[in-house]
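Student: Got a structure here, written out as structure tokens. Questions coming.
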Amino acid sequence: MTGVLRNNYPSLSRRAFLTTAAGGGGAMLLGPAWLKAAADGVDPRVVQLVSKTIGIDMHNHVHPAGTESQPQQGPPRRQEEQQQTPGLSMAKEIKQSGLTAICASYELDFAPNSKPGDALDNFLGWLTAIDAELEKGHMRRALNLKDMKTAHDNGQPTIVQSVEGAMFIEGRLERVVEAYNRGVRHLQLLHQRDDMVSPLGDTNTAPAHLGGLTAFGAGVVKECNRLGIVVDLAHASHETVLGALKVATQPLIVSHTSLNSRTGGNPRMAEMMKPRLISKEHAKVVADAGGVVGVWTKLADSLKEFVESIKAMGDAVGIDHVGIGSDTDLLSSREGQGTNKAYRGLNGGFFRAVVGEMLVQGFTPDDIGKVGGGNFCRVFGKVTAGHA
């Protein structure tokens, strides 16, 4: 592993790190990897934190060949902009990143859905493509927290099966059960387009016309709670979020966003992304209900700015309610788009680099563990408890 050097970080003695790492119930037990890292010139704190953290990206697009989506508006993506680079492996990319798991998602409303039934066909086709990718990498989906811990302990990457936009349901609640039986444990209700048959709620990128969460949307939230599926309200309007919180019996998440004060240095991009950002009040209602808000890489022009966005979210809602939701494409090698190419000069993998920068900015090992995956695991464990 290269690119994460001791000299890049503020001084923290080995004794100080050992003392800090031993806090929080003794979660950090240093082993031979720490000593090897020191010999290799790699910051041993990064190595140890990554190895002991169940690192999770709460929102990551995975597009095996043939399943690439297209944006709702504008021209099709050019070849160099495609979300899948031939030859990349899901298992290898997750391992390179330093993560244990990604919440593997698919922008279902960007698939060619021209009539009722198309969204379901595209969704099931994508799941079949993910099945093949899992088999190729000798991987399994994590269906509960025990599966996640087992994957981490065995050094084996895993995924939490998700989808971005539940428009495959089309007014038929039994399709939530079908998705559950196919391994879905994380359901983002909305993206940009409405369900053709029975919309679930207003999004944050279109004029409100449904009054927030619809009655059928409330039924979907309740069914997810019953089955043990994490409900994700990314891209939902504030009124939709409030409606979901009224009916939910489990904590909810917003997997990928940032505060509306974090607009980056590109005015054109900031204007385009502004509707997808959330206020402190929006973030806080999710946190106050026990949920987690994932911070994305969008509108953060450097790794430093990305971690600053994480810090800003932590200041707004408390560190126990912040996660990482990169909104990158795992199987892309394009700079600024691929997970392990999220920023120029990124070496040593995405999560390793994030952990290193969090140390630079003064995050404690305990807080890094929470943001890196512990907070999501808390919600995932609670929602899936008692389910297979």
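FYI, nothing fancy with the structure tokens labels: chains A, B, ... in order, residues from 1 per chain, ligands from 1 as they appear.
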Do you know which residues are at most 8 Å from A:Asp329 counting only C-alpha atoms, after dropping those on the same chain fewer than 3 positions away, and could you put them as a PyMOL selection string?
Tutor: chain A and resi 60-63+83-84+332+337-339
Student: For stretch 346-359 of chain A, list every protein, DNA or RNA residue within 10 Å, evaluated using only C-alpha atoms, and leave out those in the same chain fewer than 2 positions away; present the list as a PyMOL selection string.
Tutor: chain A and resi 1-6+8-10+12+43+45-47+49-51+55-57+93-100+302-308+310-311+324+326+335+338-344+361-365+367-369+371-372
Student: Counting only C-alpha atoms, which of A:Ser198, A:Gln250, A:Asn225, A:Asn144 gets nearest to A:Arg172?
Tutor: A:Ser198
Student: Residues at most 7 Å from A:Leu145, counting only C-alpha atoms, excluding those fewer than 3 positions away in the same chain, as a JSON list (two decimals) with C-alpha atoms, in the first residue's frame?
Tutor:
```
[["chain", "number", "residue", "atom", "x", "y", "z"],
["A", 148, "MET", "CA", -21.31, -7.80, 8.01],
["A", 149, "LYS", "CA", -19.15, -8.67, 11.01],
["A", 377, "CYS", "CA", -24.00, -0.58, 11.44],
["A", 380, "PHE", "CA", -28.52, -1.72, 10.01],
["A", 381, "GLY", "CA", -28.26, -3.96, 13.06]]
```
Student: I need the residue nearest A:Ala215 from this list: A:Thr249, A:Asn260, A:Thr240, A:Ser255. Use only C-alpha atoms for the distance.
Tutor: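 Of all the options, A:Thr240 lies closest to A:Ala215.
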Student: Can you tell me, as an MDAnalysis selection string, which residues in stretch 130-288 of chain A count as strand (DSSP E) by DSSP?
Tutor: chainID A and resid 158:161 186:188 230:232 253:257
Student: For those residues, write N, CA and C atoms to a file as a compact mmCIF listing (two decimals), in the first residue's frame.
Tutor:
```txt
# COMPACT_ATOMS: atom_id res chain seq x y z
N THR A 158 -18.06 -7.32 1.08
CA THR A 158 -19.47 -7.68 0.94
C THR A 158 -20.24 -6.46 0.45
N ILE A 159 -21.53 -6.67 0.17
CA ILE A 159 -22.39 -5.55 -0.19
C ILE A 159 -23.68 -5.63 0.60
N VAL A 160 -24.26 -4.46 0.83
CA VAL A 160 -25.66 -4.38 1.26
C VAL A 160 -26.43 -4.04 0.00
N GLN A 161 -27.37 -4.90 -0.37
CA GLN A 161 -28.09 -4.69 -1.63
C GLN A 161 -29.09 -3.55 -1.50
N HIS A 186 -31.77 -2.53 1.83
CA HIS A 186 -31.61 -1.06 1.86
C HIS A 186 -32.38 -0.54 0.66
N LEU A 187 -33.44 0.22 0.92
CA LEU A 187 -34.30 0.68 -0.16
C LEU A 187 -34.41 2.20 -0.15
N GLN A 188 -33.87 2.84 -1.19
CA GLN A 188 -34.03 4.28 -1.36
C GLN A 188 -35.34 4.50 -2.11
N VAL A 230 -33.68 -1.35 5.54
CA VAL A 230 -33.37 0.04 5.88
C VAL A 230 -34.03 0.97 4.86
N VAL A 231 -34.77 1.96 5.34
CA VAL A 231 -35.42 2.95 4.47
C VAL A 231 -34.49 4.14 4.31
N ASP A 232 -34.24 4.50 3.05
CA ASP A 232 -33.33 5.58 2.69
C ASP A 232 -34.15 6.71 2.07
N ILE A 253 -32.45 6.56 7.18
CA ILE A 253 -31.19 7.19 6.78
C ILE A 253 -31.41 8.09 5.57
N VAL A 254 -30.51 9.03 5.39
CA VAL A 254 -30.34 9.76 4.13
C VAL A 254 -28.93 9.42 3.69
N SER A 255 -28.81 8.59 2.67
CA SER A 255 -27.52 7.94 2.39
C SER A 255 -26.48 8.85 1.77
N HIS A 256 -26.89 9.87 1.02
CA HIS A 256 -25.90 10.69 0.33
C HIS A 256 -26.43 12.10 0.09
N THR A 257 -25.76 13.06 0.66
CA THR A 257 -26.10 14.47 0.53
C THR A 257 -25.01 15.27 1.22
```
Student: Please identify the helix (DSSP H, G or I) residues within stretch 56-178 of chain A (assignment by DSSP from backbone atoms) and present them as a PyMOL selection string.
Tutor: chain A and resi 79-81+90-97+108-110+118-136+145-153+174-178
